There are 4 protein chains.
Amino acid sequence: MVAELTFPVRYVETDAMGIVHHTNYVVWFEVGRVEAMRQAGLDYAAVERGGLFFAVAEVHVRYLSPARFGDRVTVRTGITELRSRAVRFDYVVVDAESGCVRVEGYTRHVPIDRAGRVTRIPRELLEALRPAVAAQN
Amino acid sequence: MVAELTFPVRYVETDAMGIVHHTNYVVWFEVGRVEAMRQAGLDYAAVERGGLFFAVAEVHVRYLSPARFGDRVTVRTGITELRSRAVRFDYVVVDAESGCVRVEGYTRHVPIDRAGRVTRIPRELLEALRPAVAAQN
Amino acid sequence: MVAELTFPVRYVETDAMGIVHHTNYVVWFEVGRVEAMRQAGLDYAAVERGGLFFAVAEVHVRYLSPARFGDRVTVRTGITELRSRAVRFDYVVVDAESGCVRVEGYTRHVPIDRAGRVTRIPRELLEALRPAVAAQN
Amino acid sequence: MVAELTFPVRYVETDAMGIVHHTNYVVWFEVGRVEAMRQAGLDYAAVERGGLFFAVAEVHVRYLSPARFGDRVTVRTGITELRSRAVRFDYVVVDAESGCVRVEGYTRHVPIDRAGRVTRIPRELLEALRPAVAAQN
């Protein structure tokens, strides 16, 4: 399953080149990740309140074409790896109208506890996320 | 006393108008505030670790001329009100070369504890901050 | 008329106090402003492509209670002053569930052209924005 | 040659986990990149005013340990590939006191003109950047 979320570009996200600054796609990945968990029935805010955090271990982005203020973008997010000690999400950001791909990328995460120690994702949470695993993103 | 801090504009701080996005001056106020406390001998990170937080209660900014990428800016920060339950900082951001004023503004703060309840600034901390009170900003 | 827009808090918008960092409400004001214009039939991205920019001249925010990750917030935006050389927007940000007020504030804007010179808002644009003027925000 | 730049973490850069939000390291890469060019005698703001832009084509970050508010961080930046149509920068962010590595990563860039078309980096600019090429980052 791939979760989709569409929203407009914010003006603050642009830079002096007149396009969306490259860091914002990484923010949108995060927004897509939370949405993918939500669509799987998982409230990530509640997960954190319960003491489990998906610390970011790696980020990769390839930039193909620029989004601009005035555009609406769609973030497609799928889980592409799901183990008790590692999760990977893959993302594609496309223009909501034309479907033109803006960026693609992935993030890897390690579950940690409140003290910052690596921990295991509990079984029931792994089961909840299982349907969000994308056959192919 | 007025604390001064000079730093270059970051590219990410620009927007599609080719100038610094207006929200970043509020970030720079915060940077100036931490520096004003530091120059008064107070490590704000340590203050927070001790359980005291200067929650932002009000922000005001007047924008006079725009900063751009390539500029260096100077933030001048003074404490203009200092009571056990309220602190006000005033700021002027100027171009570091020309001295041209970019923005001026102030922030008001309320001391809170870890639970978010309004508390009092301890006497020794008030005393430490006293020299940072600006006769006139 | 007051335009409403509801969206979830982004994780990146939080800070080490565990709440939304105070600068993000100013970002949300901008998002609300663009939405208020859109509901009045004005595409602000097109306005800028046409060479007119609503430069920010003043920002004021009062913080009443903190939003957190996991919350959905509603931004209510109204135009409270509309002249050919000055526009003021007023905002209230509330929790989308409880209606609890998080912040209130306003921004003042001056119309400028591509070269950064103060200009006049064309009559047809003023007419388009007229219905967005709030009787009372 | 590897360019170094040291600065304090900004409060706004923290998130609800109490650490620096992962997107800010990508901002710091940009700050380091501009500094690396500056140390090579190149004013990137002037380069852009001249109509040449180093568009970001790829970003990669590995997160090893978290920075926090109160820390000072050092960004070490080197050019690791320099061709007329492609530039790669490599980065290491370390704690300025302990030297503990926070993140490492790279960015790839493509030179574009004002219209967004891929162009060539002029020979004199390539020559200027040559000394910034790191033997090993």
# chains A, B, ... in the order shown; residues from 1 in each chain; ligands from 1

$ select_by_dssp --residues "chain C" --states "strand (DSSP E or B)" --output "JSON, numbers by chain"
{"C": [3, 4, 5, 6, 7, 8, 14, 20, 53, 54, 55, 56, 57, 58, 59, 60, 61, 62, 63, 72, 73, 74, 75, 76, 77, 78, 79, 80, 81, 82, 83, 86, 87, 88, 89, 90, 91, 92, 93, 94, 95, 101, 102, 103, 104, 105, 106, 107, 108, 109, 110, 111, 112, 118, 133]}

$ residues_around --residues "Glu81 (chain C)" --least-positions-apart "6" --cutoff "12 Å" --atoms "only C-alpha atoms" --output "PyMOL selection string"
chain C and resi 87-90+106-110+126+129-137

$ write_last_selection --atoms "N, CA and C atoms" --output "PDB file, in the first residue's frame"
ATOM      1  N   VAL C  87      -2.690  46.870   3.574  1.00  0.00           N
ATOM      2  CA  VAL C  87      -3.640  45.801   3.873  1.00  0.00           C
ATOM      3  C   VAL C  87      -3.281  45.226   5.225  1.00  0.00           C
ATOM      4  N   ARG C  88      -4.301  44.966   6.026  1.00  0.00           N
ATOM      5  CA  ARG C  88      -4.075  44.292   7.302  1.00  0.00           C
ATOM      6  C   ARG C  88      -4.924  43.035   7.365  1.00  0.00           C
ATOM      7  N   PHE C  89      -4.293  41.946   7.796  1.00  0.00           N
ATOM      8  CA  PHE C  89      -4.986  40.682   8.033  1.00  0.00           C
ATOM      9  C   PHE C  89      -4.958  40.400   9.530  1.00  0.00           C
ATOM     10  N   ASP C  90      -6.064  39.902  10.058  1.00  0.00           N
ATOM     11  CA  ASP C  90      -6.095  39.435  11.448  1.00  0.00           C
ATOM     12  C   ASP C  90      -6.317  37.928  11.467  1.00  0.00           C
ATOM     13  N   TYR C 106      -1.882  39.759  13.999  1.00  0.00           N
ATOM     14  CA  TYR C 106      -2.177  40.433  12.734  1.00  0.00           C
ATOM     15  C   TYR C 106      -0.876  40.651  11.970  1.00  0.00           C
ATOM     16  N   THR C 107      -1.032  40.907  10.681  1.00  0.00           N
ATOM     17  CA  THR C 107       0.099  41.322   9.847  1.00  0.00           C
ATOM     18  C   THR C 107      -0.346  42.513   9.017  1.00  0.00           C
ATOM     19  N   ARG C 108       0.579  43.437   8.797  1.00  0.00           N
ATOM     20  CA  ARG C 108       0.331  44.571   7.905  1.00  0.00           C
ATOM     21  C   ARG C 108       1.216  44.418   6.682  1.00  0.00           C
ATOM     22  N   HIS C 109       0.682  44.802   5.543  1.00  0.00           N
ATOM     23  CA  HIS C 109       1.391  44.622   4.277  1.00  0.00           C
ATOM     24  C   HIS C 109       1.356  45.885   3.443  1.00  0.00           C
ATOM     25  N   VAL C 110       2.412  46.037   2.655  1.00  0.00           N
ATOM     26  CA  VAL C 110       2.505  47.166   1.724  1.00  0.00           C
ATOM     27  C   VAL C 110       2.696  46.574   0.331  1.00  0.00           C
ATOM     28  N   LEU C 126      -8.498  45.233  -5.507  1.00  0.00           N
ATOM     29  CA  LEU C 126      -9.148  45.723  -4.287  1.00  0.00           C
ATOM     30  C   LEU C 126     -10.592  45.243  -4.235  1.00  0.00           C
ATOM     31  N   LEU C 129     -10.886  41.642  -3.307  1.00  0.00           N
ATOM     32  CA  LEU C 129     -10.598  41.347  -1.902  1.00  0.00           C
ATOM     33  C   LEU C 129     -11.687  41.865  -0.967  1.00  0.00           C
ATOM     34  N   ARG C 130     -12.487  42.818  -1.435  1.00  0.00           N
ATOM     35  CA  ARG C 130     -13.480  43.465  -0.568  1.00  0.00           C
ATOM     36  C   ARG C 130     -14.325  42.462   0.240  1.00  0.00           C
ATOM     37  N   PRO C 131     -14.836  41.403  -0.373  1.00  0.00           N
ATOM     38  CA  PRO C 131     -15.695  40.490   0.407  1.00  0.00           C
ATOM     39  C   PRO C 131     -14.947  39.776   1.533  1.00  0.00           C
ATOM     40  N   ALA C 132     -13.609  39.761   1.432  1.00  0.00           N
ATOM     41  CA  ALA C 132     -12.832  39.074   2.469  1.00  0.00           C
ATOM     42  C   ALA C 132     -12.630  39.965   3.694  1.00  0.00           C
ATOM     43  N   VAL C 133     -13.048  41.223   3.580  1.00  0.00           N
ATOM     44  CA  VAL C 133     -12.908  42.112   4.725  1.00  0.00           C
ATOM     45  C   VAL C 133     -13.858  41.643   5.820  1.00  0.00           C
ATOM     46  N   ALA C 134     -13.288  41.384   6.988  1.00  0.00           N
ATOM     47  CA  ALA C 134     -14.074  40.837   8.098  1.00  0.00           C
ATOM     48  C   ALA C 134     -14.792  41.965   8.832  1.00  0.00           C
ATOM     49  N   ALA C 135     -16.085  41.793   9.058  1.00  0.00           N
ATOM     50  CA  ALA C 135     -16.831  42.767   9.858  1.00  0.00           C
ATOM     51  C   ALA C 135     -16.189  42.822  11.237  1.00  0.00           C
ATOM     52  N   GLN C 136     -15.918  41.644  11.729  1.00  0.00           N
ATOM     53  CA  GLN C 136     -15.210  41.542  13.008  1.00  0.00           C
ATOM     54  C   GLN C 136     -14.524  40.200  12.998  1.00  0.00           C
ATOM     55  N   ASN C 137     -13.253  40.197  13.280  1.00  0.00           N
ATOM     56  CA  ASN C 137     -12.524  38.928  13.214  1.00  0.00           C
ATOM     57  C   ASN C 137     -12.746  38.129  14.480  1.00  0.00           C
TER      58      ASN C 137
END

$ closest_atom_pairs --of "chain D" --to "chain B" --cutoff "8 Å" --atoms "only C-alpha atoms" --output "tab-separated table"
residue	atom	partner	partner_atom	distance
D:Arg10	CA	B:Val31	CA	6.5
D:Tyr11	CA	B:Glu30	CA	7.6
D:Val12	CA	B:Val27	CA	6.9
D:Val27	CA	B:Val12	CA	6.9
D:Glu30	CA	B:Tyr11	CA	7.6
D:Val31	CA	B:Arg10	CA	6.5
D:Asp43	CA	B:Gly70	CA	7.9
D:Tyr44	CA	B:Gly70	CA	7.8
D:Ala45	CA	B:Gly70	CA	5.1
D:Ala46	CA	B:Gly70	CA	7.8
D:Phe69	CA	B:Ala45	CA	6.4
D:Gly70	CA	B:Ala45	CA	5.1

$ atom_distance --atom1 "CA of Cys100 (chain D)" --atom2 "CA of Thr74 (chain D)"
10.1 Å

$ closest_residue --among "C:Gly18, C:Gly41, C:Pro66, C:Gly32" --to "Glu127 (chain C)" --atoms "only C-alpha atoms"
C:Gly41

$ residues_around --residues "Ala16 (chain A)" --least-positions-apart "3" --cutoff "6 Å" --atoms "only C-alpha atoms" --output "number ranges by chain"
B: 14-16, 18

$ select_by_dssp --residues "region 17-132 of chain C" --states "helix (DSSP H, G or I)" --output "PyMOL selection string"
chain C and resi 23-39+44-49+123-132
